[in-house]
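Q: Let me give you the structure first, and then I'll get to my questions.
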Amino acid sequence: MGWSDFFAGQIEADDAGLVPMRIATVHRARMSAISVDGPVRLVLPPHTNTGEYAVGDWVLVEPGSDLLHRRLERRTLLQRRVEGGTTPQLTAANVDTLFIVTSCNADFNVARLERYLALANQASTHPVILLTKADKAEDAEAYASQVASLQRGLECVTLDGRSAEAAATLARWCGAGQTVALIGSSGVGKSTLLNTLAGPDQDAPQLTGGIRESDAKGRHTTTSRSLHRIAGGGWVIDTPGMRTLHVSDAAEGIDQLFAEITELAPNCRFRDCTHEHEPGCAVQAAIQAGDLDPDRLDRWRKLQDENRAKTPVLRGPKGNKRR
Ligand SMILES: Nc1nc2c(ncn2[C@@H]2O[C@H](COP(=O)(O)OP(=O)(O)OP(=O)(O)O)[C@@H](O)[C@H]2O)c(=O)[nH]1
Ligand SMILES: [Zn+2]
């Protein structure tokens with residue numbers, strides 16, 4: 001189930017008799033978990049804020065009563081801030097690999113992929129780009145080569161999400177104890193991949209996924225996420241389609257994504273160089289030399305600006321000052 005020494009090391013003497021379980025669904029007022037014996041509807045202590053839990057979290061539970069005791073520290077955490085939100089929304093915890101799904105057609109957009117990559121980096125998960133609908137594309141490899149230039153060492157596969165070969169191709173990231181999550185816009189084939197990964201033995205996993213609820217503006221949103229077992233392997237977390245993906249709280253993730261720019265910056269004459277018009281700018285020099293794509297610098301700038309604008313700067317005794 002993804003249990004490891006990292007989690008085992010957090011068990012203390014006081015926890016004797018409690019059982020580790022993994023959160024499978026999070027709703028406003030209830031949560032379910034998966035234990036070695038199967039699914040469990042958790043009994044929540046009064047005043048539990050389910051917003052502090054994410055699918056994939058490890059928790060300690062009292063056997064018999066199914067009373068939730070406490071959550072264990074996470075290895076990775078995917079989160080995002082919704083428009084106007086004061087605290088980030090937790091999307092998935094303890095994900096080893098994030099499958100960023102896009103299709104070989106009009107959905108393909110490098111700027112959007114870069115956003116997802118910044119998010120994956122920030123969460124400390126390993127991103128892999130899945131290019132679906134390769135069976136319908138004239139030149140799927142052309143998409144793959146565009147992906148290759150987005151981040152150093154970035155892995156990418158092209159596939160037909162409906163085929164059994166897709167499960168075989170993805171198996172190397174889906175072994176026993178591994179947790180993957182799927183992210184991508186509507187219609188790119190996430191549910192299809194989920195079904196392919198879960199295999200024919202499970203009853204329609206997409207039906208167990210989301211509960212439709214209305215948010216404050218009356219829009220329908222899928223508020224729950226779910227954890228599904230992968231046929232013969234690990235676990236997959238289904239995240240709801242993201243209407244708009246804002247990048248926030250992701251400064252380090254962006255630096256990692258744009259490593260070639262991050263690494264040039266110390267060579268600029270001015271420490272606070274914006275790489276726009278300053279003399280002695282190493283980044284502009286790289287563009288002049290043809291070593292850096294000017295579009296890439298534009299996208300870096302837009303993402304930086306957005307991240308700064310969307311990340312609240314907290315000051316004062318309690319706030320961590322952040323960019
Ligand atoms: N030809 C082809 N069709 C695909 C592939 N993957 C998905 N589809 C089709 O594309 C359509 C959309 O797929 P879904 O799996 O529902 O997409 P989704 O990402 O889950 O969409 P949301 O639920 O809206 O987030 C379906 O008709 C699938 O059969 C693929 O690799 N090749
Ligand atoms: Zn510069």
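Chains: A, B, ... in order of the structure tokens. Residues: from 1 per chain. Ligands: from 1, in order shown.
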Just the strand (DSSP E or B) stuff from stretch 9-254 of chain A, please, per backbone DSSP, written as a PyMOL selection string.

A: chain A and resi 19-26+31-35+38-41+43+58-62+67-71+77-80+89-93+97-103+126-132+155-158+179-183+212-214+220-222+226-229+235-238

Q: Which chain A residues have any atom within 12 Å of an atom of ligand 1, and for each, what is the nearest pair of atoms with distance in Å to one decimal, counting only C-alpha atoms and all ligand atoms, rows sorted by chain and number, as a tab-separated table?

A:
```
residue	atom	partner	partner_atom_place_in_ligand_line	distance
A:Phe99	CA	ligand 1	19 (O)	11.8
A:Ile100	CA	ligand 1	19 (O)	10.7
A:Val101	CA	ligand 1	19 (O)	7.8
A:Thr102	CA	ligand 1	19 (O)	8.4
A:Ser103	CA	ligand 1	31 (O)	7.5
A:Cys104	CA	ligand 1	31 (O)	8.8
A:Asn105	CA	ligand 1	32 (N)	10.7
A:Asp107	CA	ligand 1	19 (O)	10.9
A:Leu130	CA	ligand 1	31 (O)	9.6
A:Leu131	CA	ligand 1	31 (O)	7.9
A:Thr132	CA	ligand 1	31 (O)	4.2
A:Lys133	CA	ligand 1	31 (O)	3.3
A:Ala134	CA	ligand 1	31 (O)	6.0
A:Asp135	CA	ligand 1	32 (N)	5.7
A:Lys136	CA	ligand 1	1 (N)	5.5
A:Ala137	CA	ligand 1	1 (N)	8.8
A:Ala140	CA	ligand 1	31 (O)	11.2
A:Val157	CA	ligand 1	31 (O)	11.4
A:Thr158	CA	ligand 1	31 (O)	8.6
A:Leu159	CA	ligand 1	31 (O)	5.8
A:Asp160	CA	ligand 1	31 (O)	3.2
A:Gly161	CA	ligand 1	31 (O)	3.7
A:Arg162	CA	ligand 1	31 (O)	5.6
A:Ser163	CA	ligand 1	31 (O)	7.6
A:Ala164	CA	ligand 1	31 (O)	11.0
A:Glu165	CA	ligand 1	31 (O)	10.8
A:Ala166	CA	ligand 1	31 (O)	8.6
A:Ala167	CA	ligand 1	31 (O)	11.7
A:Leu182	CA	ligand 1	19 (O)	9.0
A:Ile183	CA	ligand 1	19 (O)	8.2
A:Gly184	CA	ligand 1	19 (O)	6.6
A:Ser185	CA	ligand 1	25 (O)	5.9
A:Ser186	CA	ligand 1	25 (O)	3.6
A:Gly187	CA	ligand 1	21 (O)	3.5
A:Val188	CA	ligand 1	19 (O)	4.1
A:Gly189	CA	ligand 1	15 (O)	3.2
A:Lys190	CA	ligand 1	19 (O)	3.7
A:Ser191	CA	ligand 1	20 (O)	3.6
A:Thr192	CA	ligand 1	15 (O)	3.7
A:Leu193	CA	ligand 1	15 (O)	6.5
A:Leu194	CA	ligand 1	15 (O)	7.8
A:Asn195	CA	ligand 1	15 (O)	8.4
A:Thr196	CA	ligand 1	15 (O)	9.8
A:Leu197	CA	ligand 1	15 (O)	11.9
A:Pro205	CA	ligand 1	20 (O)	11.6
A:Gln206	CA	ligand 1	20 (O)	8.5
A:Leu207	CA	ligand 1	23 (O)	10.8
A:Gly209	CA	ligand 1	23 (O)	10.2
A:Gly210	CA	ligand 1	23 (O)	9.8
A:Thr221	CA	ligand 1	25 (O)	11.3
A:Thr222	CA	ligand 1	25 (O)	10.1
A:Asp238	CA	ligand 1	20 (O)	9.4
A:Thr239	CA	ligand 1	25 (O)	8.7
A:Pro240	CA	ligand 1	25 (O)	6.6
A:Gly241	CA	ligand 1	25 (O)	4.6
A:Met242	CA	ligand 1	25 (O)	7.9
A:Arg243	CA	ligand 1	25 (O)	9.5
```

Q: Output C-alpha atoms of each residue in that selection to a file, as a short mmCIF file (atom, residue, chain, number, x, y, z; two decimals), in the first residue's frame.

A:
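Here's the written file part-v1.cif:
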```
data_model
loop_
_atom_site.label_atom_id
_atom_site.label_comp_id
_atom_site.auth_asym_id
_atom_site.auth_seq_id
_atom_site.Cartn_x
_atom_site.Cartn_y
_atom_site.Cartn_z
CA PHE A 99 1.25 11.45 -14.57
CA ILE A 100 0.63 14.72 -16.39
CA VAL A 101 -1.85 13.80 -19.10
CA THR A 102 -2.35 15.65 -22.35
CA SER A 103 -3.42 14.48 -25.77
CA CYS A 104 -1.67 14.69 -29.13
CA ASN A 105 -4.10 17.28 -30.45
CA ASP A 107 -5.14 20.22 -25.98
CA LEU A 130 1.63 11.03 -20.87
CA LEU A 131 0.68 11.93 -24.43
CA THR A 132 -2.63 10.18 -25.07
CA LYS A 133 -4.50 9.67 -28.35
CA ALA A 134 -1.21 8.93 -30.09
CA ASP A 135 -3.20 6.45 -32.20
CA LYS A 136 -5.06 9.36 -33.78
CA ALA A 137 -2.09 11.68 -34.28
CA ALA A 140 2.99 11.76 -32.06
CA VAL A 157 5.47 8.40 -23.22
CA THR A 158 3.02 8.39 -26.10
CA LEU A 159 0.14 5.95 -25.90
CA ASP A 160 -3.40 4.93 -26.70
CA GLY A 161 -4.92 5.13 -23.24
CA ARG A 162 -7.57 2.55 -24.11
CA SER A 163 -5.12 -0.21 -24.98
CA ALA A 164 -3.72 -2.97 -22.79
CA GLU A 165 -0.24 -1.92 -23.98
CA ALA A 166 -0.76 1.38 -22.16
CA ALA A 167 -0.90 -0.48 -18.84
CA LEU A 182 -3.28 11.60 -12.83
CA ILE A 183 -3.66 15.27 -13.66
CA GLY A 184 -4.72 17.02 -16.86
CA SER A 185 -7.56 18.91 -18.47
CA SER A 186 -10.97 17.56 -19.21
CA GLY A 187 -11.26 15.08 -22.04
CA VAL A 188 -7.59 14.15 -22.37
CA GLY A 189 -8.28 10.59 -21.21
CA LYS A 190 -7.66 10.45 -17.47
CA SER A 191 -10.70 8.29 -16.71
CA THR A 192 -9.78 6.04 -19.60
CA LEU A 193 -6.26 5.59 -18.18
CA LEU A 194 -7.67 5.02 -14.73
CA ASN A 195 -9.80 2.19 -16.07
CA THR A 196 -6.89 0.78 -18.04
CA LEU A 197 -4.66 0.83 -14.95
CA PRO A 205 -13.61 2.89 -10.69
CA GLN A 206 -14.63 6.19 -12.27
CA LEU A 207 -18.05 5.77 -10.66
CA GLY A 209 -14.49 8.63 -7.86
CA GLY A 210 -16.25 11.91 -7.62
CA THR A 221 -17.15 20.63 -8.68
CA THR A 222 -15.85 17.23 -7.82
CA ASP A 238 -7.69 10.37 -9.30
CA THR A 239 -7.74 14.15 -9.07
CA PRO A 240 -10.71 16.11 -10.36
CA GLY A 241 -10.39 18.04 -13.61
CA MET A 242 -8.84 21.41 -12.99
CA ARG A 243 -10.86 24.22 -14.49
#
```

Q: Could you report the residues within 7 Å of ligand 2, using only C-alpha atoms and all ligand atoms, as number ranges by chain?

A: A: 265, 268, 273-276, 278, 281-284

Q: Give me a file of those residues, with C-alpha atoms, as an mmCIF file, in the first residue's frame.

A:
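That gives us selection35.cif:
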```cif
data_model
loop_
_atom_site.group_PDB
_atom_site.id
_atom_site.type_symbol
_atom_site.label_atom_id
_atom_site.label_comp_id
_atom_site.auth_asym_id
_atom_site.auth_seq_id
_atom_site.Cartn_x
_atom_site.Cartn_y
_atom_site.Cartn_z
ATOM 1 C CA ALA A 265 21.136 34.279 -13.341
ATOM 2 C CA CYS A 268 24.230 38.551 -14.621
ATOM 3 C CA CYS A 273 18.475 41.329 -12.896
ATOM 4 C CA THR A 274 15.068 40.898 -14.561
ATOM 5 C CA HIS A 275 16.778 39.528 -17.711
ATOM 6 C CA GLU A 276 14.827 42.051 -19.713
ATOM 7 C CA GLU A 278 19.877 45.194 -18.128
ATOM 8 C CA CYS A 281 22.609 40.039 -18.567
ATOM 9 C CA ALA A 282 23.761 36.438 -18.963
ATOM 10 C CA VAL A 283 20.263 35.272 -19.902
ATOM 11 C CA GLN A 284 19.913 37.798 -22.744
#
```

Q: Return as CSV the residues of stretch 47-134 of chain A lying at most 8 Å from stretch 253-261 of chain A, together with the closest atom-to-atom pair for each and the distance in Å to one decimal, counting only C-alpha atoms, with rows in chain order and ascending residue number.

A:
```
residue,atom,partner,partner_atom,distance
A:Glu114,CA,A:Leu257,CA,7.4
A:Leu117,CA,A:Leu257,CA,6.8
A:Ala118,CA,A:Gly253,CA,4.5
A:Leu119,CA,A:Gly253,CA,6.4
A:Ala120,CA,A:Gly253,CA,7.3
A:Asn121,CA,A:Gly253,CA,4.6
A:Gln122,CA,A:Gly253,CA,4.2
A:Ala123,CA,A:Gly253,CA,7.9
```

Q: Store the residues picked out above in a file with N, CA and C atoms, as a CSV table (one decimal), in the first residue's frame.

A:
```csv
chain,number,residue,atom,x,y,z
A,114,GLU,N,4.1,23.2,-18.5
A,114,GLU,CA,5.1,23.8,-17.6
A,114,GLU,C,4.4,24.2,-16.2
A,117,LEU,N,4.2,21.0,-14.4
A,117,LEU,CA,5.6,20.6,-13.9
A,117,LEU,C,6.0,21.4,-12.7
A,118,ALA,N,5.7,22.7,-12.7
A,118,ALA,CA,6.1,23.5,-11.6
A,118,ALA,C,5.4,23.0,-10.3
A,119,LEU,N,4.2,22.6,-10.5
A,119,LEU,CA,3.4,22.0,-9.4
A,119,LEU,C,4.0,20.7,-8.9
A,120,ALA,N,4.3,19.8,-9.8
A,120,ALA,CA,4.9,18.5,-9.5
A,120,ALA,C,6.3,18.7,-8.8
A,121,ASN,N,7.1,19.6,-9.3
A,121,ASN,CA,8.4,19.8,-8.7
A,121,ASN,C,8.2,20.3,-7.3
A,122,GLN,N,7.3,21.3,-7.1
A,122,GLN,CA,7.1,21.9,-5.8
A,122,GLN,C,6.6,20.8,-4.8
A,123,ALA,N,5.9,19.8,-5.3
A,123,ALA,CA,5.3,18.8,-4.4
A,123,ALA,C,6.4,17.7,-4.1
```

Q: Just the residues within 7 Å of A:Asp96, please, counting only C-alpha atoms, with nothing from its chain fewer than 6 positions along; format it as a list in words.

A: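 Selected residues are Thr125, His126, Gln178, Thr179 and Val180 of chain A.
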
Q: Using only C-alpha atoms, which of A:Thr87, A:Ser32, A:Thr97, A:Gln304 sits nearest A:Trp173?

A: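 Among A:Thr87, A:Ser32, A:Thr97, A:Gln304, it is A:Thr97 that comes nearest to A:Trp173.
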
Q: How many Å separate atom CA of A:Trp58 from atom CA of A:Arg70?

A: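 For atom CA of A:Trp58 relative to atom CA of A:Arg70, the distance reads 8.8 Å.
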
Q: Using only C-alpha atoms for the distances, tell me which of A:Ala286, A:Leu150, A:Ala250, A:Ala142 is nearest to A:Glu263.

A: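 Nearest candidate to A:Glu263 out of A:Ala286, A:Leu150, A:Ala250, A:Ala142: A:Ala286.
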
Q: Write out as a list of chain:residue names which residues come within 12 Å of A:Asp305 when counting only C-alpha atoms, dropping same-chain ones fewer than 3 positions away.

A: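 Once the adjacent positions are removed, what remains is A:His246, A:Val247, A:Ser248, A:Asp249, A:Ala250, A:Ala251, A:Ile254, A:Thr274, A:Asp298, A:Arg299, A:Trp300, A:Arg301, A:Lys302, A:Arg308, A:Ala309, A:Lys310, A:Thr311, A:Arg323.
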
Q: With C-alpha atoms retained, write the just-selected residues as a JSON list (two decimals), in the first residue's frame.

A:
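Done, and the output landed in again.json:
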```json
[["chain", "number", "residue", "atom", "x", "y", "z"],
["A", 246, "HIS", "CA", -3.17, 28.90, -11.04],
["A", 247, "VAL", "CA", 0.42, 28.61, -10.06],
["A", 248, "SER", "CA", 1.14, 29.74, -6.53],
["A", 249, "ASP", "CA", 3.51, 28.83, -3.72],
["A", 250, "ALA", "CA", 5.79, 27.28, -6.33],
["A", 251, "ALA", "CA", 8.99, 29.38, -6.45],
["A", 254, "ILE", "CA", 9.66, 27.01, -11.11],
["A", 274, "THR", "CA", 15.07, 40.90, -14.56],
["A", 298, "ASP", "CA", 8.70, 34.71, -21.88],
["A", 299, "ARG", "CA", 6.93, 31.77, -20.34],
["A", 300, "TRP", "CA", 9.36, 31.79, -17.38],
["A", 301, "ARG", "CA", 8.55, 35.45, -16.81],
["A", 302, "LYS", "CA", 4.78, 34.91, -16.98],
["A", 308, "ARG", "CA", 4.28, 36.17, -7.12],
["A", 309, "ALA", "CA", 0.81, 37.61, -7.67],
["A", 310, "LYS", "CA", -1.02, 34.52, -6.41],
["A", 311, "THR", "CA", 1.15, 33.70, -3.44],
["A", 323, "ARG", "CA", 7.67, 35.13, -2.40]]
```

Q: Work out how far apart atom CA of A:Val36 and atom CA of A:Val59 are and give it in Å to one decimal.

A: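 These two atoms are separated by 13.0 Å.
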
Q: List the neighbours of A:Ala54 out to 9 Å using only C-alpha atoms; skip same-chain residues closer than 3 positions along the sequence, and give me the result as a PDB file with C-alpha atoms, in the first residue's frame.

A:
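Below is the file out.pdb, written as the result:
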```pdb
ATOM      1  CA  ILE A  23      -7.096   7.916   3.153  1.00  0.00           C
ATOM      2  CA  ALA A  24      -9.167   6.981   0.092  1.00  0.00           C
ATOM      3  CA  THR A  25     -11.809   9.706  -0.092  1.00  0.00           C
ATOM      4  CA  VAL A  26     -12.209  13.099   1.524  1.00  0.00           C
ATOM      5  CA  THR A  50     -11.306  17.275   6.644  1.00  0.00           C
ATOM      6  CA  GLY A  51      -9.661  20.020   4.554  1.00  0.00           C
ATOM      7  CA  ASP A  57      -2.424  10.372   3.551  1.00  0.00           C
ATOM      8  CA  LEU A  77       2.013  16.840  -1.072  1.00  0.00           C
ATOM      9  CA  LEU A  78       0.273  18.145  -4.158  1.00  0.00           C
ATOM     10  CA  GLN A  89      -6.345  23.038  -1.264  1.00  0.00           C
ATOM     11  CA  LEU A  90      -4.742  19.662  -0.700  1.00  0.00           C
ATOM     12  CA  THR A  91      -4.982  17.478  -3.765  1.00  0.00           C
ATOM     13  CA  ALA A  92      -3.046  14.284  -3.052  1.00  0.00           C
ATOM     14  CA  ALA A  93      -0.450  13.103  -0.568  1.00  0.00           C
ATOM     15  CA  ARG A 225     -10.630  12.254  -4.863  1.00  0.00           C
TER      16      ARG A 225
END
```

Q: Given only C-alpha atoms as the basis, pick out the residue of A:Pro20, A:Gly38, A:Arg80, A:Leu60 nearest to A:Arg229.

A: A:Gly38

Q: Which of stretch 41-206 of chain A end up as helix (DSSP H, G or I) when DSSP is run on this backbone - answer as a tab-separated table (two decimals) with N, CA and C atoms, in the first residue's frame?

A:
```
chain	number	residue	atom	x	y	z
A	50	THR	N	-11.72	18.23	7.68
A	50	THR	CA	-11.31	17.28	6.64
A	50	THR	C	-10.44	17.95	5.57
A	51	GLY	N	-10.50	19.28	5.50
A	51	GLY	CA	-9.66	20.02	4.55
A	51	GLY	C	-8.18	19.89	4.85
A	52	GLU	N	-7.85	19.40	6.04
A	52	GLU	CA	-6.44	19.22	6.38
A	52	GLU	C	-5.92	17.84	5.98
A	110	VAL	N	2.41	23.81	-24.35
A	110	VAL	CA	3.63	23.73	-23.53
A	110	VAL	C	3.53	24.58	-22.27
A	111	ALA	N	2.88	25.74	-22.37
A	111	ALA	CA	2.78	26.60	-21.18
A	111	ALA	C	1.97	25.90	-20.09
A	112	ARG	N	0.93	25.17	-20.49
A	112	ARG	CA	0.13	24.46	-19.48
A	112	ARG	C	0.96	23.32	-18.88
A	113	LEU	N	1.69	22.61	-19.73
A	113	LEU	CA	2.53	21.52	-19.19
A	113	LEU	C	3.56	22.07	-18.20
A	114	GLU	N	4.11	23.23	-18.51
A	114	GLU	CA	5.08	23.84	-17.58
A	114	GLU	C	4.44	24.16	-16.24
A	115	ARG	N	3.18	24.57	-16.27
A	115	ARG	CA	2.48	24.84	-15.00
A	115	ARG	C	2.38	23.57	-14.17
A	116	TYR	N	1.95	22.50	-14.81
A	116	TYR	CA	1.83	21.23	-14.09
A	116	TYR	C	3.20	20.78	-13.57
A	117	LEU	N	4.22	21.01	-14.37
A	117	LEU	CA	5.57	20.59	-13.95
A	117	LEU	C	6.03	21.38	-12.73
A	118	ALA	N	5.74	22.68	-12.72
A	118	ALA	CA	6.12	23.50	-11.56
A	118	ALA	C	5.44	22.95	-10.30
A	119	LEU	N	4.18	22.56	-10.47
A	119	LEU	CA	3.40	22.00	-9.36
A	119	LEU	C	4.00	20.66	-8.89
A	120	ALA	N	4.34	19.80	-9.84
A	120	ALA	CA	4.93	18.50	-9.49
A	120	ALA	C	6.27	18.68	-8.78
A	121	ASN	N	7.09	19.56	-9.31
A	121	ASN	CA	8.40	19.82	-8.69
A	121	ASN	C	8.22	20.31	-7.27
A	122	GLN	N	7.30	21.25	-7.11
A	122	GLN	CA	7.10	21.85	-5.80
A	122	GLN	C	6.64	20.80	-4.79
A	134	ALA	N	-2.30	9.04	-29.11
A	134	ALA	CA	-1.21	8.93	-30.09
A	134	ALA	C	-1.69	8.14	-31.31
A	135	ASP	N	-2.66	7.25	-31.10
A	135	ASP	CA	-3.20	6.45	-32.20
A	135	ASP	C	-3.89	7.31	-33.25
A	136	LYS	N	-4.34	8.50	-32.84
A	136	LYS	CA	-5.06	9.36	-33.78
A	136	LYS	C	-4.17	10.46	-34.37
A	140	ALA	N	2.96	11.66	-33.53
A	140	ALA	CA	2.99	11.76	-32.06
A	140	ALA	C	4.39	12.10	-31.56
A	141	GLU	N	5.41	11.65	-32.28
A	141	GLU	CA	6.78	11.90	-31.84
A	141	GLU	C	7.13	13.39	-31.86
A	142	ALA	N	6.47	14.15	-32.73
A	142	ALA	CA	6.72	15.59	-32.78
A	142	ALA	C	6.30	16.24	-31.46
A	143	TYR	N	5.20	15.73	-30.88
A	143	TYR	CA	4.77	16.23	-29.57
A	143	TYR	C	5.78	15.84	-28.50
A	144	ALA	N	6.23	14.58	-28.60
A	144	ALA	CA	7.18	14.08	-27.59
A	144	ALA	C	8.47	14.89	-27.61
A	145	SER	N	8.91	15.31	-28.79
A	145	SER	CA	10.18	16.05	-28.83
A	145	SER	C	10.00	17.46	-28.27
A	146	GLN	N	8.80	18.02	-28.39
A	146	GLN	CA	8.55	19.32	-27.74
A	146	GLN	C	8.60	19.18	-26.21
A	147	VAL	N	8.07	18.06	-25.73
A	147	VAL	CA	8.05	17.82	-24.29
A	147	VAL	C	9.48	17.70	-23.74
A	148	ALA	N	10.34	17.07	-24.52
A	148	ALA	CA	11.70	16.79	-24.06
A	148	ALA	C	12.44	18.06	-23.66
A	164	ALA	N	-4.38	-2.20	-23.85
A	164	ALA	CA	-3.72	-2.97	-22.79
A	164	ALA	C	-2.23	-2.64	-22.77
A	165	GLU	N	-1.67	-2.27	-23.94
A	165	GLU	CA	-0.24	-1.92	-23.98
A	165	GLU	C	0.03	-0.69	-23.10
A	166	ALA	N	-0.96	0.18	-22.98
A	166	ALA	CA	-0.76	1.38	-22.16
A	166	ALA	C	-0.43	0.97	-20.72
A	167	ALA	N	-1.16	-0.02	-20.20
A	167	ALA	CA	-0.90	-0.48	-18.84
A	167	ALA	C	0.51	-1.05	-18.73
A	168	ALA	N	0.93	-1.76	-19.76
A	168	ALA	CA	2.28	-2.35	-19.75
A	168	ALA	C	3.34	-1.25	-19.80
A	169	THR	N	3.09	-0.23	-20.62
A	169	THR	CA	4.04	0.88	-20.74
A	169	THR	C	4.20	1.62	-19.41
A	170	LEU	N	3.10	1.75	-18.69
A	170	LEU	CA	3.12	2.53	-17.45
A	170	LEU	C	3.53	1.70	-16.23
A	171	ALA	N	3.66	0.39	-16.44
A	171	ALA	CA	3.91	-0.52	-15.31
A	171	ALA	C	5.16	-0.15	-14.51
A	172	ARG	N	6.17	0.40	-15.19
A	172	ARG	CA	7.42	0.70	-14.46
A	172	ARG	C	7.26	1.75	-13.39
A	173	TRP	N	6.22	2.56	-13.48
A	173	TRP	CA	5.97	3.55	-12.43
A	173	TRP	C	4.89	3.09	-11.44
A	190	LYS	N	-8.06	10.89	-18.82
A	190	LYS	CA	-7.66	10.45	-17.47
A	190	LYS	C	-8.52	9.27	-16.98
A	191	SER	N	-9.83	9.39	-17.16
A	191	SER	CA	-10.70	8.29	-16.71
A	191	SER	C	-10.39	7.02	-17.48
A	192	THR	N	-10.12	7.20	-18.77
A	192	THR	CA	-9.78	6.04	-19.60
A	192	THR	C	-8.53	5.36	-19.06
A	193	LEU	N	-7.51	6.15	-18.72
A	193	LEU	CA	-6.26	5.59	-18.18
A	193	LEU	C	-6.51	4.93	-16.82
A	194	LEU	N	-7.36	5.56	-16.05
A	194	LEU	CA	-7.67	5.02	-14.73
A	194	LEU	C	-8.28	3.62	-14.88
A	195	ASN	N	-9.19	3.50	-15.82
A	195	ASN	CA	-9.80	2.19	-16.07
A	195	ASN	C	-8.79	1.19	-16.60
A	196	THR	N	-7.91	1.67	-17.49
A	196	THR	CA	-6.89	0.78	-18.04
A	196	THR	C	-5.95	0.29	-16.94
A	197	LEU	N	-5.57	1.20	-16.04
A	197	LEU	CA	-4.66	0.83	-14.95
A	197	LEU	C	-5.34	-0.08	-13.94
A	198	ALA	N	-6.59	0.23	-13.61
A	198	ALA	CA	-7.29	-0.55	-12.59
A	198	ALA	C	-7.62	-1.94	-13.12
A	205	PRO	N	-14.19	2.00	-11.69
A	205	PRO	CA	-13.61	2.89	-10.69
A	205	PRO	C	-14.01	4.35	-10.86
A	206	GLN	N	-14.30	4.77	-12.11
A	206	GLN	CA	-14.63	6.19	-12.27
A	206	GLN	C	-15.93	6.53	-11.56
```
